[in-house]
file target30.cif (mmCIF, C-alpha atoms)
data_query
loop_
_atom_site.group_PDB
_atom_site.id
_atom_site.type_symbol
_atom_site.label_atom_id
_atom_site.label_comp_id
_atom_site.auth_asym_id
_atom_site.auth_seq_id
_atom_site.Cartn_x
_atom_site.Cartn_y
_atom_site.Cartn_z
ATOM 1 C CA MET A 2 7.905 -8.527 -22.235
ATOM 2 C CA PRO A 3 4.704 -7.155 -20.664
ATOM 3 C CA ARG A 4 1.753 -7.033 -23.000
ATOM 4 C CA ARG A 5 0.806 -3.529 -24.113
ATOM 5 C CA SER A 6 -2.633 -2.271 -23.169
ATOM 6 C CA SER A 7 -5.133 -1.446 -25.894
ATOM 7 C CA TRP A 8 -5.004 2.183 -24.685
ATOM 8 C CA THR A 9 -1.258 2.308 -25.261
ATOM 9 C CA SER A 10 -1.550 0.864 -28.768
ATOM 10 C CA THR A 11 -4.454 3.107 -29.727
ATOM 11 C CA THR A 12 -2.843 6.253 -28.335
ATOM 12 C CA ALA A 13 0.482 5.417 -29.985
ATOM 13 C CA ALA A 14 -1.328 5.091 -33.299
ATOM 14 C CA ALA A 15 -2.919 8.501 -32.750
ATOM 15 C CA LEU A 16 0.451 10.017 -31.921
ATOM 16 C CA GLY A 17 1.895 8.378 -35.013
ATOM 17 C CA GLY A 18 -0.852 10.034 -37.038
ATOM 18 C CA GLU A 19 0.059 13.446 -35.607
ATOM 19 C CA LEU A 20 3.698 12.859 -36.514
ATOM 20 C CA ALA A 21 2.760 11.730 -40.012
ATOM 21 C CA ARG A 22 0.899 15.021 -40.517
ATOM 22 C CA ILE A 23 4.204 16.855 -40.228
ATOM 23 C CA GLY A 24 6.118 14.347 -42.308
ATOM 24 C CA LEU A 25 7.744 12.212 -39.615
ATOM 25 C CA THR A 26 7.631 8.455 -39.087
ATOM 26 C CA VAL A 27 8.476 6.762 -35.783
ATOM 27 C CA PRO A 28 8.176 2.987 -35.128
ATOM 28 C CA ALA A 29 5.052 2.078 -33.149
ATOM 29 C CA ASP A 30 7.007 0.275 -30.420
ATOM 30 C CA GLN A 31 9.082 3.391 -29.762
ATOM 31 C CA LEU A 32 5.940 5.504 -29.498
ATOM 32 C CA GLU A 33 4.434 2.980 -27.084
ATOM 33 C CA ASP A 34 7.590 3.129 -24.941
ATOM 34 C CA LEU A 35 7.454 6.923 -24.953
ATOM 35 C CA LEU A 36 3.788 7.008 -23.960
ATOM 36 C CA THR A 37 4.312 4.450 -21.215
ATOM 37 C CA ASP A 38 7.092 6.585 -19.725
ATOM 38 C CA ARG A 39 5.066 9.799 -20.043
ATOM 39 C CA LEU A 40 1.989 8.194 -18.500
ATOM 40 C CA THR A 41 3.991 6.940 -15.525
ATOM 41 C CA ALA A 42 5.589 10.359 -15.049
ATOM 42 C CA VAL A 43 2.216 12.159 -15.108
ATOM 43 C CA ALA A 44 0.687 9.692 -12.653
ATOM 44 C CA GLU A 45 3.604 10.020 -10.236
ATOM 45 C CA ARG A 46 3.690 13.803 -10.488
ATOM 46 C CA MET A 47 -0.059 14.165 -9.865
ATOM 47 C CA HIS A 48 -0.267 11.316 -7.328
ATOM 48 C CA ILE A 49 -2.964 9.527 -9.308
ATOM 49 C CA THR A 50 -3.270 6.116 -10.953
ATOM 50 C CA GLU A 51 -2.026 5.587 -14.474
ATOM 51 C CA ARG A 52 -5.562 4.753 -15.572
ATOM 52 C CA THR A 53 -6.757 8.144 -14.301
ATOM 53 C CA ALA A 54 -3.773 9.867 -15.929
ATOM 54 C CA ARG A 55 -4.869 8.630 -19.357
ATOM 55 C CA GLN A 56 -7.524 11.357 -19.518
ATOM 56 C CA TYR A 57 -4.763 13.965 -19.881
ATOM 57 C CA PHE A 58 -3.529 12.447 -23.140
ATOM 58 C CA ASP A 59 -6.154 14.023 -25.369
ATOM 59 C CA HIS A 60 -5.816 15.208 -28.968
ATOM 60 C CA ASP A 61 -4.267 18.551 -27.994
ATOM 61 C CA THR A 62 -1.694 16.833 -25.789
ATOM 62 C CA LEU A 63 -0.711 14.396 -28.533
ATOM 63 C CA HIS A 64 -0.463 17.240 -31.036
ATOM 64 C CA ALA A 65 1.843 19.142 -28.664
ATOM 65 C CA LEU A 66 3.908 16.007 -28.022
ATOM 66 C CA ALA A 67 4.337 15.425 -31.753
ATOM 67 C CA ARG A 68 5.447 19.022 -32.157
ATOM 68 C CA GLU A 69 7.900 18.651 -29.275
ATOM 69 C CA MET A 70 9.393 15.543 -30.876
ATOM 70 C CA ALA A 71 9.681 17.275 -34.244
ATOM 71 C CA LEU A 72 11.457 20.277 -32.772
ATOM 72 C CA SER A 73 13.850 18.007 -30.920
ATOM 73 C CA ILE A 74 14.605 16.195 -34.138
ATOM 74 C CA LYS A 75 15.154 19.501 -35.908
ATOM 75 C CA GLU A 76 17.709 20.659 -33.366
ATOM 76 C CA GLU A 77 19.682 17.425 -33.098
ATOM 77 C CA ALA A 78 19.585 16.190 -36.716
ATOM 78 C CA PRO A 79 19.157 12.527 -35.709
ATOM 79 C CA GLY A 80 20.475 10.004 -38.173
ATOM 80 C CA ALA A 81 22.919 12.479 -39.670
ATOM 81 C CA ASP A 82 26.660 11.872 -39.560
ATOM 82 C CA LEU A 83 27.870 14.669 -37.294
ATOM 83 C CA LEU A 84 31.272 14.659 -38.965
ATOM 84 C CA THR A 85 29.697 15.690 -42.276
ATOM 85 C CA LEU A 86 27.655 18.611 -40.917
ATOM 86 C CA PRO A 87 28.780 22.251 -41.098
ATOM 87 C CA ARG A 88 31.047 23.120 -38.178
ATOM 88 C CA THR A 89 29.524 26.440 -37.204
ATOM 89 C CA ILE A 90 30.177 26.714 -33.450
ATOM 90 C CA ALA A 91 33.549 27.672 -31.980
ATOM 91 C CA MET A 92 33.959 25.475 -28.902
ATOM 92 C CA PRO A 93 36.606 26.660 -26.384
ATOM 93 C CA LEU A 94 39.030 23.995 -25.263
ATOM 94 C CA LEU A 95 37.940 24.404 -21.640
ATOM 95 C CA THR A 96 34.333 23.678 -22.657
ATOM 96 C CA LEU A 97 35.472 20.779 -24.819
ATOM 97 C CA GLY A 98 37.290 19.200 -21.893
ATOM 98 C CA ALA A 99 34.385 19.777 -19.501
ATOM 99 C CA THR A 100 31.951 18.295 -22.021
ATOM 100 C CA ILE A 101 34.018 15.147 -22.502
ATOM 101 C CA ALA A 102 34.237 14.744 -18.722
ATOM 102 C CA ALA A 103 30.476 15.256 -18.394
ATOM 103 C CA LEU A 104 29.755 12.701 -21.117
ATOM 104 C CA VAL A 105 31.949 10.177 -19.322
ATOM 105 C CA GLU A 106 29.756 10.755 -16.239
ATOM 106 C CA VAL A 107 26.646 10.297 -18.411
ATOM 107 C CA ALA A 108 27.922 6.930 -19.600
ATOM 108 C CA ALA A 109 28.870 5.827 -16.083
ATOM 109 C CA LEU A 110 25.618 6.941 -14.477
ATOM 110 C CA ALA A 111 23.454 5.500 -17.237
ATOM 111 C CA GLY A 112 25.333 2.240 -16.862
ATOM 112 C CA ALA A 113 24.657 2.256 -13.126
ATOM 113 C CA ASP A 114 20.985 2.924 -13.892
ATOM 114 C CA LYS A 115 21.030 0.040 -16.421
ATOM 115 C CA ASP A 116 20.041 2.165 -19.418
ATOM 116 C CA PRO A 117 21.598 0.422 -22.461
ATOM 117 C CA ASP A 118 21.247 3.365 -24.856
ATOM 118 C CA GLU A 119 22.647 6.380 -22.997
ATOM 119 C CA PRO A 120 26.220 5.039 -22.578
ATOM 120 C CA VAL A 121 26.403 4.260 -26.305
ATOM 121 C CA ALA A 122 25.155 7.725 -27.249
ATOM 122 C CA ALA A 123 27.529 9.435 -24.820
ATOM 123 C CA MET A 124 30.555 7.463 -26.000
ATOM 124 C CA ALA A 125 29.663 8.165 -29.638
ATOM 125 C CA LEU A 126 29.714 11.902 -28.913
ATOM 126 C CA ILE A 127 33.035 11.608 -27.106
ATOM 127 C CA SER A 128 34.482 9.804 -30.115
ATOM 128 C CA THR A 129 33.145 12.467 -32.488
ATOM 129 C CA LEU A 130 34.600 15.271 -30.369
ATOM 130 C CA GLY A 131 37.930 13.476 -30.460
ATOM 131 C CA VAL A 132 37.885 13.228 -34.252
ATOM 132 C CA LEU A 133 36.857 16.879 -34.618
ATOM 133 C CA THR A 134 39.725 17.912 -32.364
ATOM 134 C CA ARG A 135 42.194 15.730 -34.256
ATOM 135 C CA ASP A 136 41.047 17.116 -37.605
ATOM 136 C CA HIS A 137 40.948 20.742 -36.451
ATOM 137 C CA ASP A 138 43.093 22.886 -38.742
ATOM 138 C CA GLY A 139 42.426 26.322 -37.262
ATOM 139 C CA ASP A 140 44.029 28.298 -34.489
ATOM 140 C CA LEU A 141 43.451 27.011 -30.997
ATOM 141 C CA PRO A 142 42.086 27.505 -28.308
ATOM 142 C CA THR A 143 38.792 26.693 -30.046
ATOM 143 C CA VAL A 144 37.561 23.739 -32.071
ATOM 144 C CA TRP A 145 34.778 24.199 -34.606
ATOM 145 C CA VAL A 146 31.879 21.775 -34.117
ATOM 146 C CA PRO A 147 28.389 21.292 -35.615
ATOM 147 C CA GLU A 148 25.454 22.742 -33.703
ATOM 148 C CA PRO A 149 23.494 19.432 -33.525
ATOM 149 C CA LEU A 150 26.405 17.862 -31.646
ATOM 150 C CA LEU A 151 26.052 20.478 -28.916
ATOM 151 C CA MET A 152 22.286 19.958 -28.817
ATOM 152 C CA ARG A 153 22.666 16.185 -28.417
ATOM 153 C CA ALA A 154 25.344 16.530 -25.761
ATOM 154 C CA ALA A 155 23.375 19.143 -23.810
ATOM 155 C CA ARG A 156 20.271 16.949 -23.787
ATOM 156 C CA LEU A 157 22.152 13.874 -22.567
ATOM 157 C CA ILE A 158 23.895 15.843 -19.831
ATOM 158 C CA GLU A 159 20.680 17.602 -18.745
ATOM 159 C CA ASN A 160 18.823 14.300 -18.595
ATOM 160 C CA THR A 161 21.573 12.805 -16.467
ATOM 161 C CA ALA A 162 21.552 15.824 -14.130
ATOM 162 C CA ASP A 163 17.821 15.236 -13.649
ATOM 163 C CA LEU A 164 18.398 11.538 -12.950
ATOM 164 C CA VAL A 165 20.991 12.406 -10.316
ATOM 165 C CA HIS A 166 18.634 14.937 -8.743
ATOM 166 C CA TYR A 167 15.789 12.425 -8.544
ATOM 167 C CA GLY A 168 17.905 9.716 -6.956
ATOM 168 C CA CYS A 169 19.232 7.421 -9.678
ATOM 169 C CA PRO A 170 21.822 4.822 -8.551
ATOM 170 C CA LEU A 171 25.360 6.205 -8.409
ATOM 171 C CA PRO A 172 28.433 4.227 -9.496
ATOM 172 C CA PRO A 173 29.909 2.091 -6.671
ATOM 173 C CA ASP A 174 32.871 4.447 -6.180
ATOM 174 C CA VAL A 175 30.689 7.576 -5.787
ATOM 175 C CA THR A 176 29.304 8.391 -2.335
ATOM 176 C CA GLU A 177 25.882 9.926 -1.702
ATOM 177 C CA ASP A 178 27.291 13.182 -0.355
ATOM 178 C CA VAL A 179 28.657 13.884 -3.841
ATOM 179 C CA ARG A 180 25.174 13.757 -5.424
ATOM 180 C CA PRO A 181 24.239 17.486 -5.135
ATOM 181 C CA HIS A 182 27.671 18.592 -6.367
ATOM 182 C CA LEU A 183 27.497 16.184 -9.318
ATOM 183 C CA GLN A 184 24.004 17.362 -10.241
ATOM 184 C CA ARG A 185 25.109 21.009 -10.186
ATOM 185 C CA ALA A 186 28.259 20.313 -12.207
ATOM 186 C CA LEU A 187 26.296 18.478 -14.906
ATOM 187 C CA SER A 188 23.688 21.247 -15.049
ATOM 188 C CA ASP A 189 26.422 23.863 -15.406
ATOM 189 C CA ASP A 190 28.105 21.861 -18.181
ATOM 190 C CA ALA A 191 24.838 21.627 -20.111
ATOM 191 C CA ALA A 192 24.140 25.333 -19.637
ATOM 192 C CA ARG A 193 27.611 26.142 -20.953
ATOM 193 C CA LEU A 194 26.845 24.208 -24.128
ATOM 194 C CA ARG A 195 23.484 25.922 -24.570
ATOM 195 C CA ALA A 196 25.185 29.305 -24.219
ATOM 196 C CA LEU A 197 27.430 28.521 -27.179
ATOM 197 C CA ILE A 198 24.436 28.289 -29.490
ATOM 198 C CA SER A 199 23.499 31.722 -30.686
ATOM 199 C CA ASP A 200 19.875 32.711 -30.134
ATOM 200 C CA THR A 201 20.032 34.786 -33.301
ATOM 201 C CA VAL A 202 20.695 31.822 -35.574
ATOM 202 C CA ARG A 203 17.299 30.331 -36.427
ATOM 203 C CA ARG A 204 16.980 27.901 -39.325
ATOM 204 C CA SER A 205 13.681 27.805 -41.186
ATOM 205 C CA GLY A 206 12.244 26.443 -44.415
ATOM 206 C CA SER A 207 13.475 23.225 -45.986
ATOM 207 C CA GLY A 208 16.724 21.657 -44.959
ATOM 208 C CA LEU A 209 18.316 19.350 -42.442
ATOM 209 C CA TRP A 210 16.980 21.083 -39.342
ATOM 210 C CA ALA A 211 13.586 22.147 -40.709
ATOM 211 C CA VAL A 212 10.383 20.715 -39.292
ATOM 212 C CA PRO A 213 7.850 20.113 -42.093
ATOM 213 C CA GLY A 214 5.135 22.708 -41.825
ATOM 214 C CA ASP A 215 7.117 24.824 -39.359
ATOM 215 C CA ARG A 216 6.081 28.446 -39.576
ATOM 216 C CA SER A 217 7.734 29.666 -36.387
#
call {"tool": "encode", "arguments": {"input": "target30.cif", "output": "structure tokens"}}
result
Amino acid sequence: MPRRSSWTSTTAAALGGELARIGLTVPADQLEDLLTDRLTAVAERMHITERTARQYFDHDTLHALAREMALSIKEEAPGADLLTLPRTIAMPLLTLGATIAALVEVAALAGADKDPDEPVAAMALISTLGVLTRDHDGDLPTVWVPEPLLMRAARLIENTADLVHYGCPLPPDVTEDVRPHLQRALSDDAARLRALISDTVRRSGSGLWAVPGDRS
């Protein structure tokens, strides 16, 4: 494993401090991985060296990044058992089927891109959707699901749509001419999930989805 630079370690510690201020703890190695990825992305986007890009990771940037991570955690309820959360969103069967198909694509594309975590996350969501459908005791054609499940699925699908757009490897049985259609289909699937989440339902204060110190 490549040795981390002192800048990476120091900046990760600073980011960890920002997270601690709002009551969150993230392992240092995960923060270092995140910063390494962000630094590379900034350098590539601005066509500069990574060393030059470091100047953009000042206190305000780290504060904003910590806030971004906290809000993401609030929406997706990481670590929680999705099957135990309130099932507050009515998911149409057509959307359910499209989401399962999209998550299968996420797992396949992440596997082709050699990302060990995305296929596991996608398959876990597929399994959860299957259990929720099996346990559904209401009238079809909708299945009630927890909001964080939709947030997690939408993020995975959106990320995969971006990977397809920027040229990630496709599975061996998928030809290049399919790429734009696949990217659009994944984006549409993610947008459909986002649309299910009501903009009027905003959780605040203490609780599973609350960010410590959140006043928005």
call {"tool": "closest_residue", "arguments": {"input": "target30.cif", "among": "A:Leu84, A:Val179, A:Ile101, A:Val165", "to": "His137 in chain A", "atoms": "only C-alpha atoms"}}
result
A:Leu84
call {"tool": "closest_residue", "arguments": {"input": "target30.cif", "among": "A:Glu76, A:Asp59, A:Asp30, A:Asp163", "to": "Leu183 in chain A", "atoms": "all atoms listed in the file"}}
result
A:Asp163
call {"tool": "atom_distance", "arguments": {"input": "target30.cif", "atom1": "CA of Thr11 in chain A", "atom2": "CA of Ala65 in chain A"}}
result
17.3 Å
call {"tool": "closest_residue", "arguments": {"input": "target30.cif", "among": "A:Glu19, A:Glu45, A:Asp34, A:Asp82", "to": "Thr62 in chain A", "atoms": "only C-alpha atoms"}}
result
A:Glu19
call {"tool": "atom_distance", "arguments": {"input": "target30.cif", "atom1": "CA of Ala14 in chain A", "atom2": "CA of Ala122 in chain A"}}
result
27.3 Å
call {"tool": "residues_around", "arguments": {"input": "target30.cif", "residues": "range 86-100 of chain A", "least_positions_apart": "3", "cutoff": "7 Å", "atoms": "all atoms listed in the file", "output": "PyMOL selection string"}}
result
chain A and resi 82-83+103-104+142-148+190
call {"tool": "residues_around", "arguments": {"input": "target30.cif", "residues": "Ala191 in chain A", "least_positions_apart": "3", "cutoff": "7 Å", "atoms": "only C-alpha atoms", "output": "list of chain:residue names"}}
result
A:Ala155, A:Ile158, A:Glu159, A:Leu187, A:Ser188, A:Leu194, A:Arg195
call {"tool": "closest_residue", "arguments": {"input": "target30.cif", "among": "A:Leu66, A:Leu141, A:Ile49, A:Leu20", "to": "Leu36 in chain A", "atoms": "only C-alpha atoms"}}
result
A:Leu66
call {"tool": "resolve_selection", "arguments": {"input": "target30.cif", "expression": "the PyMOL selection byres ((chain A and resi 35) around 12)", "output": "list in words"}}
result
Thr9, Ser10, Thr12, Ala13, Leu16, Gly17, Val27, Pro28, Ala29, Asp30, Gln31, Leu32, Glu33, Asp34, Leu36, Thr37, Asp38, Arg39, Leu40, Thr41, Ala42, Leu63, Leu66, Ala67 and Met70 of chain A
call {"tool": "closest_residue", "arguments": {"input": "target30.cif", "among": "A:Ala15, A:Ala125, A:Leu110, A:Leu133", "to": "His64 in chain A", "atoms": "only C-alpha atoms"}}
result
A:Ala15
call {"tool": "atom_distance", "arguments": {"input": "target30.cif", "atom1": "CA of Glu77 in chain A", "atom2": "CA of Phe58 in chain A"}}
result
25.7 Å
call {"tool": "closest_residue", "arguments": {"input": "target30.cif", "among": "A:Thr53, A:Ser128, A:Arg68, A:Arg135", "to": "Leu150 in chain A", "atoms": "only C-alpha atoms"}}
result
A:Ser128
